[in-house]
Structures are given as structure tokens and as C-alpha cells.
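Chemist: coords-v2.cif is reproduced in full below (mmCIF, C-alpha atoms and all ligand atoms).
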data_entry
loop_
_atom_site.label_atom_id
_atom_site.label_comp_id
_atom_site.auth_asym_id
_atom_site.auth_seq_id
_atom_site.Cartn_x
_atom_site.Cartn_y
_atom_site.Cartn_z
CA MET A 1 0.00 0.00 0.00
CA ILE A 2 1.17 3.53 -0.79
CA ARG A 3 2.02 5.39 2.42
CA ILE A 4 1.54 9.14 2.56
CA LEU A 5 2.65 11.44 5.36
CA THR A 6 0.57 14.59 5.83
CA VAL A 7 2.20 17.40 7.80
CA GLU A 8 -0.50 19.94 8.63
CA ASP A 9 -1.22 21.69 11.95
CA GLU A 10 -4.87 22.51 11.22
CA ARG A 11 -6.76 19.43 12.37
CA ALA A 12 -9.83 20.01 10.19
CA ILE A 13 -7.73 20.20 7.02
CA SER A 14 -5.55 17.30 8.13
CA ASN A 15 -8.65 15.16 8.76
CA LEU A 16 -10.13 16.09 5.40
CA ILE A 17 -6.89 15.13 3.62
CA ARG A 18 -6.66 11.84 5.52
CA MET A 19 -10.25 10.91 4.73
CA SER A 20 -9.81 11.70 1.03
CA LEU A 21 -6.58 9.74 0.78
CA GLU A 22 -7.91 6.73 2.67
CA LYS A 23 -11.03 6.67 0.51
CA ALA A 24 -8.76 6.61 -2.54
CA GLY A 25 -6.96 3.56 -1.11
CA TYR A 26 -3.84 5.18 0.31
CA SER A 27 -2.50 4.78 3.82
CA CYS A 28 -2.18 8.18 5.50
CA THR A 29 -0.26 9.18 8.62
CA CYS A 30 -0.73 12.66 10.06
CA ALA A 31 1.89 14.79 11.78
CA TYR A 32 0.82 18.09 13.32
CA ASP A 33 4.17 19.83 13.52
CA GLY A 34 7.66 19.61 12.06
CA ALA A 35 9.24 17.77 14.98
CA GLU A 36 6.57 15.07 14.88
CA ALA A 37 7.09 14.72 11.11
CA ALA A 38 10.87 14.40 11.54
CA GLU A 39 10.33 11.73 14.19
CA LEU A 40 7.99 9.75 11.91
CA LEU A 41 10.45 10.02 9.03
CA GLU A 42 13.17 8.51 11.22
CA HIS A 43 11.21 5.35 11.86
CA SER A 44 8.78 4.81 8.99
CA ARG A 45 8.86 4.53 5.24
CA PHE A 46 6.73 6.92 3.19
CA ASP A 47 6.15 7.21 -0.55
CA LEU A 48 4.99 10.81 -0.57
CA ILE A 49 4.75 13.77 1.80
CA LEU A 50 2.07 16.47 1.76
CA LEU A 51 3.68 19.38 3.52
CA ASP A 52 2.09 22.55 4.86
CA ILE A 53 4.36 25.61 4.91
CA MET A 54 2.97 27.50 7.90
CA LEU A 55 3.69 25.16 10.79
CA PRO A 56 4.51 26.01 14.42
CA GLU A 57 8.26 26.09 15.29
CA ILE A 58 9.85 24.29 12.33
CA ASP A 59 8.11 25.52 9.19
CA GLY A 60 7.60 23.57 5.97
CA PHE A 61 10.56 25.18 4.20
CA GLU A 62 12.93 24.21 7.03
CA LEU A 63 11.48 20.73 7.17
CA MET A 64 12.03 20.42 3.42
CA GLU A 65 15.80 20.67 4.02
CA TYR A 66 15.49 17.68 6.32
CA ILE A 67 13.28 15.71 3.92
CA ARG A 68 15.33 16.29 0.76
CA PRO A 69 18.09 13.73 1.47
CA THR A 70 15.41 11.02 1.92
CA GLU A 71 14.38 11.58 -1.73
CA ILE A 72 10.71 11.21 -0.81
CA PRO A 73 8.63 13.38 -3.18
CA VAL A 74 6.90 16.35 -1.57
CA ILE A 75 3.80 18.33 -2.48
CA PHE A 76 3.48 21.62 -0.60
CA ILE A 77 0.04 22.44 0.71
CA THR A 78 -0.42 25.97 1.86
CA ALA A 79 -2.61 29.02 2.14
CA LYS A 80 0.23 31.14 0.87
CA ALA A 81 -0.65 31.81 -2.71
CA ARG A 82 2.19 34.25 -3.24
CA VAL A 83 4.32 33.56 -6.27
CA GLU A 84 7.61 33.86 -4.33
CA ASP A 85 6.50 31.09 -1.96
CA LYS A 86 5.68 28.81 -4.87
CA VAL A 87 9.06 29.50 -6.41
CA LYS A 88 10.85 28.93 -3.11
CA GLY A 89 9.02 25.65 -2.56
CA LEU A 90 9.82 24.37 -6.04
CA ARG A 91 13.44 25.51 -5.76
CA LEU A 92 13.74 23.57 -2.52
CA GLY A 93 12.83 20.48 -4.51
CA ALA A 94 9.06 20.13 -4.07
CA GLU A 95 7.32 18.23 -6.87
CA ASP A 96 4.16 20.27 -6.81
CA TYR A 97 2.27 22.94 -4.99
CA ILE A 98 -1.37 23.15 -3.98
CA VAL A 99 -3.07 26.21 -2.55
CA LYS A 100 -5.72 26.12 0.19
CA PRO A 101 -8.67 26.01 -0.04
CA PHE A 102 -8.41 23.15 -2.52
CA ASP A 103 -10.78 20.64 -3.97
CA THR A 104 -10.07 17.06 -2.81
CA ALA A 105 -10.37 15.82 -6.40
CA GLU A 106 -7.57 18.19 -7.37
CA LEU A 107 -5.46 17.00 -4.42
CA LEU A 108 -5.94 13.34 -5.43
CA ALA A 109 -5.11 14.09 -9.06
CA ARG A 110 -1.86 15.80 -8.06
CA VAL A 111 -0.95 12.99 -5.68
CA ASP A 112 -1.57 10.52 -8.48
CA VAL A 113 0.65 12.37 -10.96
CA VAL A 114 3.58 12.64 -8.53
CA LEU A 115 3.35 8.98 -7.50
CA ARG A 116 3.30 7.92 -11.14
CA ARG A 117 6.32 10.12 -11.88
CA TYR A 118 8.15 8.28 -9.11
CA HIS A 119 6.86 4.88 -10.25
CA LYS A 120 5.26 4.45 -6.88
CA ASP A 121 2.05 3.15 -8.37
CA GLN A 122 1.33 -0.34 -7.17
CA ALA A 123 3.88 -2.35 -9.15
CA VAL A 124 3.42 -6.08 -9.14
CA PHE A 125 5.86 -8.37 -10.93
CA GLU A 126 5.31 -12.00 -11.81
CA ALA A 127 8.27 -14.20 -12.51
CA GLY A 128 9.19 -17.85 -12.10
CA GLY A 129 5.93 -18.69 -10.31
CA LEU A 130 6.29 -15.81 -7.84
CA VAL A 131 4.18 -12.70 -7.39
CA ILE A 132 6.22 -9.78 -6.11
CA ASP A 133 4.43 -6.70 -4.83
CA THR A 134 7.02 -3.93 -4.68
CA CYS A 135 4.70 -1.74 -2.70
CA SER A 136 4.08 -4.03 0.26
CA MET A 137 7.41 -5.81 -0.44
CA GLN A 138 5.58 -9.12 -0.24
CA VAL A 139 6.58 -12.17 -2.22
CA LYS A 140 4.08 -14.93 -2.75
CA LYS A 141 4.15 -18.37 -4.26
CA ASP A 142 0.84 -20.17 -4.84
CA GLY A 143 -0.79 -17.51 -2.67
CA LYS A 144 1.52 -18.19 0.27
CA GLU A 145 3.94 -15.56 1.46
CA ILE A 146 7.65 -16.31 1.30
CA LYS A 147 9.60 -14.62 4.07
CA LEU A 148 12.74 -13.01 2.73
CA THR A 149 15.36 -10.85 4.39
CA LYS A 150 15.82 -7.33 2.98
CA LYS A 151 18.95 -8.42 1.07
CA GLU A 152 17.25 -11.51 -0.34
CA TYR A 153 14.34 -9.35 -1.45
CA ASP A 154 16.65 -6.81 -3.13
CA LEU A 155 18.47 -9.65 -4.84
CA LEU A 156 15.22 -11.19 -6.04
CA LEU A 157 14.02 -7.85 -7.41
CA LEU A 158 17.29 -7.30 -9.27
CA PHE A 159 16.88 -10.63 -11.08
CA VAL A 160 13.19 -10.05 -11.77
CA GLN A 161 13.95 -6.65 -13.27
CA ASN A 162 16.69 -8.13 -15.48
CA PRO A 163 15.22 -11.38 -16.79
CA GLY A 164 17.42 -13.39 -19.12
CA ARG A 165 20.44 -11.20 -18.43
CA ALA A 166 23.69 -12.54 -17.03
CA LEU A 167 24.54 -10.40 -14.02
CA TYR A 168 28.11 -10.15 -12.85
CA ARG A 169 28.85 -10.83 -9.19
CA ASP A 170 30.29 -7.34 -8.75
CA THR A 171 27.19 -5.74 -10.32
CA ILE A 172 24.95 -7.79 -8.03
CA TYR A 173 27.06 -6.95 -5.01
CA GLU A 174 27.16 -3.23 -5.70
CA HIS A 175 23.43 -3.15 -6.35
CA VAL A 176 22.32 -5.10 -3.30
CA TRP A 177 25.03 -4.37 -0.72
CA GLY A 178 26.09 -1.00 -2.03
CA GLY A 179 29.83 -1.37 -1.55
CA GLU A 180 32.75 -2.52 -3.62
CA TYR A 181 32.84 -6.23 -4.41
CA GLN A 182 35.86 -8.05 -2.99
CA PHE A 183 37.11 -10.61 -5.48
CA GLY A 184 36.51 -14.12 -4.19
CA SER A 185 33.81 -13.04 -1.74
CA LYS A 186 31.08 -15.67 -1.29
CA THR A 187 28.38 -13.28 -0.10
CA VAL A 188 26.52 -13.19 -3.42
CA ASP A 189 26.72 -16.97 -3.89
CA LEU A 190 25.48 -17.72 -0.39
CA HIS A 191 22.53 -15.38 -0.80
CA VAL A 192 21.68 -16.82 -4.23
CA GLN A 193 21.68 -20.31 -2.68
CA ARG A 194 19.32 -19.18 0.07
CA LEU A 195 17.09 -17.40 -2.43
CA ARG A 196 16.89 -20.52 -4.60
CA ARG A 197 15.98 -22.62 -1.59
CA LYS A 198 13.24 -20.26 -0.42
CA THR A 199 11.72 -19.61 -3.86
CA GLY A 200 12.22 -22.97 -5.51
CA TRP A 201 14.20 -21.26 -8.25
CA ASP A 202 16.94 -23.94 -8.48
CA GLY A 203 16.03 -24.67 -12.08
CA ILE A 204 15.81 -21.11 -13.34
CA LEU A 205 18.29 -19.04 -11.34
CA LYS A 206 21.34 -20.34 -13.14
CA ALA A 207 25.03 -19.88 -12.52
CA VAL A 208 26.90 -18.35 -15.44
CA ASN A 209 30.48 -19.57 -15.57
CA LYS A 210 33.03 -16.92 -14.57
CA VAL A 211 30.31 -14.25 -14.53
CA GLY A 212 27.59 -14.65 -11.95
CA TYR A 213 23.94 -15.54 -12.33
CA ARG A 214 21.07 -15.33 -14.77
CA LEU A 215 17.33 -15.69 -14.21
CA GLU A 216 15.75 -17.76 -16.97
CA VAL A 217 12.05 -17.05 -17.22
CA CA B 301 -0.66 25.57 8.82
#
Would you mind writing the file's structure down as C-alpha cells?
Ligand code: CA
Modeler:
Amino acid sequence: MIRILTVEDERAISNLIRMSLEKAGYSCTCAYDGAEAAELLEHSRFDLILLDIMLPEIDGFELMEYIRPTEIPVIFITAKARVEDKVKGLRLGAEDYIVKPFDTAELLARVDVVLRRYHKDQAVFEAGGLVIDTCSMQVKKDGKEIKLTKKEYDLLLLFVQNPGRALYRDTIYEHVWGGEYQFGSKTVDLHVQRLRRKTGWDGILKAVNKVGYRLEV
């Protein structure tokens, strides 16, 4: 499910946004000030943030500086209709800007566009008898969930997104572990073995001599 964080100090507006988003099938968490939003961002994953500018203590612009490194897309929601505020918000990296009072249909349309731009729309892959929901990060086989570690999941997704392609061990390592591959390291091989065992992919996740692995689907 797509998770949206709404940062808005006016409860009535916050409630209205939450109701609209939930009706449209999104999960919505509300923060009522900047500190609460920062706290939520520390511990939870969000796909999009709706951010009010006029907030007590830490305002939306300041909070934007904190949000930017997370690369979560932001739509500013504000009563400030002044052009310079729009420009400032967009310069700070916001994806869009919506001025209060707004129509909920307009809000949902803008949310939709930004999520699509970020490919956050519910993406489900099917490969080798598995159904992989990249939104809930659930992997199922014959309707039953397969429990994978984060690394196993990342590895699985890499193969699913590159079907039929031989992937080098160093490419796999850099993609999944994010560091430099040490020649002779068995990390990739051990994880591939575990992934095969859990998914039943022995026959299709093939070793490629002197290279790495290839998913044959
Ligand atoms: Ca406000």
C-alpha cells in the first residue's frame, strides 16, 4: 500500500486530507508539527509527503531541508498563494504545490501524478511462479507468502527486473550491498543459494560460468 505522510497543523484540514486519501486507497499518517514529522520520518517509510508551509516552530521550508536527502517526493500544501513562496518551494525540490482552499479531487489528481512520476504506483511483478508486490514488499508463491530478508528481497528484485540477463557478481554486489565487491567473496553466492531454496528457483536461477547468475524465465 502507498504510504503518505501529511504534515499539517490545522486538524480540520488534516482530517479532510486523511479521509480523502484513505477513501482513494492510500494509507495516511498525520503529523501536526515539524518535529513530529521528523520523528515519523526517522522510523517509517513513506512514498509521498504532503507538507504545509505555515507550521509552528519548524516551518515547511525548514522541514524540506530535512526531507530532501530522503528523496521522498513532496507536495506543498499551503494558504500562501504568493508567487515567491511557490518559487521557493519548487526551488527547494518540491514536486508540486497546492493552494488552500483546494478541492479534494484536485489533491488526489496531483498525488496521483507525482506517485506515477516516481513509479510508486502499485507495481506487481510476476516471474518464475512468484508474485512480487514492490509496494508491500511481499513475495508470494501459490498464494503463500515467502519470508525473505531485505537483502534476499533486493536480490530477487534485481533478477526479476533483469530477466534473461547474465549479471556479474560485482554488479549484483554493488546493487544489493552497495559497496565494492571483494574478489573471491562468497556473499553473493550464499545469498543466491538461500534465495533458490526459499523460492524454488533452483532450475531457473542459473550460474553463469566466470560471470555470476542469470534468471531464466
Ligand atoms: Ca498551517
Chemist: Would you mind listing the residues within 9 Å of ligand CA 301 (chain B), counting only C-alpha atoms and all ligand atoms, as a ChimeraX atom specification?
Modeler: /A:7-10,32-33,52-56,59-60,77-79
Chemist: Considering only C-alpha atoms, state which residue in the set A:Leu167, A:Ala35, A:Val192, A:Ile132 is at the smallest distance from Lys210 (chain A).
Modeler: A:Leu167
Chemist: Could you pull the residues within 8 Å of region 89-99 of chain A, counting all atoms listed in the file, minus those fewer than 4 positions along the same chain, as a compact mmCIF listing (two decimals) with C-alpha atoms, in the frame of the given file?
Modeler:
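After the write, result_17.txt holds the following:
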# COMPACT_ATOMS: atom_id res chain seq x y z
CA PHE A 61 10.56 25.18 4.20
CA MET A 64 12.03 20.42 3.42
CA GLU A 65 15.80 20.67 4.02
CA ARG A 68 15.33 16.29 0.76
CA PRO A 73 8.63 13.38 -3.18
CA VAL A 74 6.90 16.35 -1.57
CA ILE A 75 3.80 18.33 -2.48
CA PHE A 76 3.48 21.62 -0.60
CA ILE A 77 0.04 22.44 0.71
CA THR A 78 -0.42 25.97 1.86
CA ALA A 79 -2.61 29.02 2.14
CA LYS A 80 0.23 31.14 0.87
CA ALA A 81 -0.65 31.81 -2.71
CA ASP A 85 6.50 31.09 -1.96
CA LEU A 107 -5.46 17.00 -4.42
CA ARG A 110 -1.86 15.80 -8.06
CA VAL A 114 3.58 12.64 -8.53
Chemist: Which of these residues is nearest to Tyr26 (chain A), using all atoms listed in the file: A:Tyr66, A:Pro101, A:Cys135, A:Arg117?
Modeler: A:Cys135
Chemist: Would you list the contacts of Gln182 (chain A) as an MDAnalysis selection string, taking every protein, DNA or RNA residue within 12 Å and counting only C-alpha atoms, but skipping same-chain residues closer than 5 positions in sequence?
Modeler: chainID A and resid 169:171 173:174 177 187:188
Chemist: Just how far from CA of Leu5 (chain A) is CA of Leu50 (chain A), in Å to one decimal?
Modeler: 6.2 Å
Chemist: Please provide the set of residues having any atom within 12 Å of Leu130 (chain A), restricted to all atoms listed in the file, with same-chain residues fewer than 4 positions apart removed, written as a ChimeraX atom specification.
Modeler: /A:124-126,138-146,156-157,160,198-201,217
Chemist: Could you please take those selected residues and save C-alpha atoms as a PDB file, in the coordinates of the input?
Modeler:
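Full text of result_29.pdb as output:
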ATOM      1  CA  VAL A 124       3.420  -6.080  -9.140  1.00  0.00           C
ATOM      2  CA  PHE A 125       5.860  -8.370 -10.930  1.00  0.00           C
ATOM      3  CA  GLU A 126       5.310 -12.000 -11.810  1.00  0.00           C
ATOM      4  CA  GLN A 138       5.580  -9.120  -0.240  1.00  0.00           C
ATOM      5  CA  VAL A 139       6.580 -12.170  -2.220  1.00  0.00           C
ATOM      6  CA  LYS A 140       4.080 -14.930  -2.750  1.00  0.00           C
ATOM      7  CA  LYS A 141       4.150 -18.370  -4.260  1.00  0.00           C
ATOM      8  CA  ASP A 142       0.840 -20.170  -4.840  1.00  0.00           C
ATOM      9  CA  GLY A 143      -0.790 -17.510  -2.670  1.00  0.00           C
ATOM     10  CA  LYS A 144       1.520 -18.190   0.270  1.00  0.00           C
ATOM     11  CA  GLU A 145       3.940 -15.560   1.460  1.00  0.00           C
ATOM     12  CA  ILE A 146       7.650 -16.310   1.300  1.00  0.00           C
ATOM     13  CA  LEU A 156      15.220 -11.190  -6.040  1.00  0.00           C
ATOM     14  CA  LEU A 157      14.020  -7.850  -7.410  1.00  0.00           C
ATOM     15  CA  VAL A 160      13.190 -10.050 -11.770  1.00  0.00           C
ATOM     16  CA  LYS A 198      13.240 -20.260  -0.420  1.00  0.00           C
ATOM     17  CA  THR A 199      11.720 -19.610  -3.860  1.00  0.00           C
ATOM     18  CA  GLY A 200      12.220 -22.970  -5.510  1.00  0.00           C
ATOM     19  CA  TRP A 201      14.200 -21.260  -8.250  1.00  0.00           C
ATOM     20  CA  VAL A 217      12.050 -17.050 -17.220  1.00  0.00           C
TER      21      VAL A 217
END
Chemist: Using Å and a single decimal, report how far CA of Leu195 (chain A) sits from CA of Leu158 (chain A).
Modeler: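 Between CA of Leu158 (chain A) and CA of Leu195 (chain A) the gap works out to 12.2 Å.
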Chemist: What is the CA of Cys30 (chain A)-CA of Ser14 (chain A) distance in Å, reported with one decimal?
Modeler: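 Distance reported for this atom pair: 7.0 Å.
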Chemist: Considering only C-alpha atoms, can you say which of A:Thr70, A:Arg214, A:Val113, A:Gln193 comes closest to Glu42 (chain A)?
Modeler: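 Using only C-alpha atoms, Glu42 (chain A) sits closest to A:Thr70.
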Chemist: I need the residue nearest Lys151 (chain A) from this list: A:Val176, A:Met137, A:Leu115, A:Val208. Use only C-alpha atoms for the distance.
Modeler: A:Val176
Chemist: Between A:Lys147, A:Arg165, A:Lys100, A:Lys206, single out the one closest to Ile17 (chain A), counting all atoms listed in the file.
Modeler: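 The closest residue to Ile17 (chain A) is A:Lys100.
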Chemist: Please return as an NGL selection string every residue within 12 Å of (-5.0, 10.8, -5.4), taking into account only C-alpha atoms and the file's own coordinates.
Modeler: :A and (2-4 or 17-28 or 48 or 50 or 75 or 103-116 or 121)
Chemist: How big is the axis-aligned box around the listed atoms of region 127-144 of chain A once 6 Å is added on each side, and where is its centre? Give both in Å to one decimal, as AutoDock Vina command-line options.
Modeler:
--center_x 4.2 --center_y -11.0 --center_z -6.1 --size_x 22.0 --size_y 30.4 --size_z 24.8
Chemist: Rebuild region 48-59 of chain A to all heavy atoms - output it as a CSV table (one decimal), in the frame of the given file, please.
Modeler:
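Result written to result.csv:
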chain,number,residue,atom,x,y,z
A,48,LEU,N,5.3,9.4,-0.2
A,48,LEU,CA,5.0,10.8,-0.6
A,48,LEU,C,4.7,11.6,0.7
A,48,LEU,O,4.2,11.1,1.7
A,48,LEU,CB,3.8,10.8,-1.5
A,48,LEU,CG,3.2,12.2,-1.9
A,48,LEU,CD1,4.2,12.9,-2.9
A,48,LEU,CD2,1.8,12.0,-2.6
A,49,ILE,N,5.0,12.9,0.7
A,49,ILE,CA,4.8,13.8,1.8
A,49,ILE,C,3.9,15.0,1.3
A,49,ILE,O,4.3,15.6,0.3
A,49,ILE,CB,6.0,14.3,2.5
A,49,ILE,CG1,6.9,13.1,3.0
A,49,ILE,CG2,5.7,15.2,3.6
A,49,ILE,CD1,8.3,13.4,3.4
A,50,LEU,N,2.8,15.3,2.0
A,50,LEU,CA,2.1,16.5,1.8
A,50,LEU,C,2.5,17.4,2.9
A,50,LEU,O,2.3,17.1,4.1
A,50,LEU,CB,0.6,16.2,1.8
A,50,LEU,CG,0.1,15.1,0.8
A,50,LEU,CD1,-1.4,14.9,0.9
A,50,LEU,CD2,0.4,15.6,-0.6
A,51,LEU,N,3.0,18.5,2.5
A,51,LEU,CA,3.7,19.4,3.5
A,51,LEU,C,3.1,20.8,3.5
A,51,LEU,O,3.2,21.5,2.5
A,51,LEU,CB,5.2,19.4,3.2
A,51,LEU,CG,6.1,20.2,4.1
A,51,LEU,CD1,6.0,19.7,5.6
A,51,LEU,CD2,7.6,20.1,3.6
A,52,ASP,N,2.6,21.2,4.7
A,52,ASP,CA,2.1,22.6,4.9
A,52,ASP,C,3.3,23.5,5.1
A,52,ASP,O,4.3,23.0,5.7
A,52,ASP,CB,1.2,22.5,6.1
A,52,ASP,CG,0.5,23.9,6.4
A,52,ASP,OD1,0.4,24.7,5.4
A,52,ASP,OD2,0.2,24.1,7.5
A,53,ILE,N,3.2,24.7,4.7
A,53,ILE,CA,4.4,25.6,4.9
A,53,ILE,C,4.3,26.3,6.3
A,53,ILE,O,5.3,26.3,7.0
A,53,ILE,CB,4.5,26.7,3.8
A,53,ILE,CG1,4.8,26.0,2.5
A,53,ILE,CG2,5.5,27.8,4.2
A,53,ILE,CD1,4.9,27.0,1.3
A,54,MET,N,3.1,26.8,6.6
A,54,MET,CA,3.0,27.5,7.9
A,54,MET,C,2.7,26.5,9.0
A,54,MET,O,1.6,26.1,9.3
A,54,MET,CB,1.8,28.5,7.8
A,54,MET,CG,2.0,29.6,6.8
A,54,MET,SD,3.2,30.8,7.2
A,54,MET,CE,2.3,31.8,8.3
A,55,LEU,N,3.8,26.1,9.7
A,55,LEU,CA,3.7,25.2,10.8
A,55,LEU,C,4.3,25.8,12.0
A,55,LEU,O,5.2,26.6,11.9
A,55,LEU,CB,4.5,23.9,10.5
A,55,LEU,CG,4.0,23.0,9.4
A,55,LEU,CD1,5.0,22.0,9.0
A,55,LEU,CD2,2.7,22.2,9.8
A,56,PRO,N,3.9,25.4,13.2
A,56,PRO,CA,4.5,26.0,14.4
A,56,PRO,C,6.0,25.5,14.6
A,56,PRO,O,6.3,24.4,14.2
A,56,PRO,CB,3.7,25.5,15.6
A,56,PRO,CG,2.9,24.3,15.0
A,56,PRO,CD,2.8,24.5,13.5
A,57,GLU,N,6.8,26.4,15.1
A,57,GLU,CA,8.3,26.1,15.3
A,57,GLU,C,9.0,25.8,14.0
A,57,GLU,O,9.5,26.7,13.4
A,57,GLU,CB,8.4,25.0,16.3
A,57,GLU,CG,8.1,25.5,17.7
A,57,GLU,CD,7.8,24.5,18.7
A,57,GLU,OE1,8.6,23.5,18.8
A,57,GLU,OE2,6.8,24.6,19.5
A,58,ILE,N,9.1,24.6,13.6
A,58,ILE,CA,9.8,24.3,12.3
A,58,ILE,C,8.9,24.4,11.2
A,58,ILE,O,7.9,23.7,11.1
A,58,ILE,CB,10.4,22.8,12.3
A,58,ILE,CG1,11.2,22.5,13.6
A,58,ILE,CG2,11.2,22.6,11.1
A,58,ILE,CD1,11.5,21.1,13.7
A,59,ASP,N,9.1,25.4,10.3
A,59,ASP,CA,8.1,25.5,9.2
A,59,ASP,C,8.4,24.5,8.0
A,59,ASP,O,9.4,23.8,8.1
A,59,ASP,CB,8.0,27.0,8.7
A,59,ASP,CG,9.2,27.5,7.9
A,59,ASP,OD1,10.0,26.6,7.4
A,59,ASP,OD2,9.3,28.7,7.7
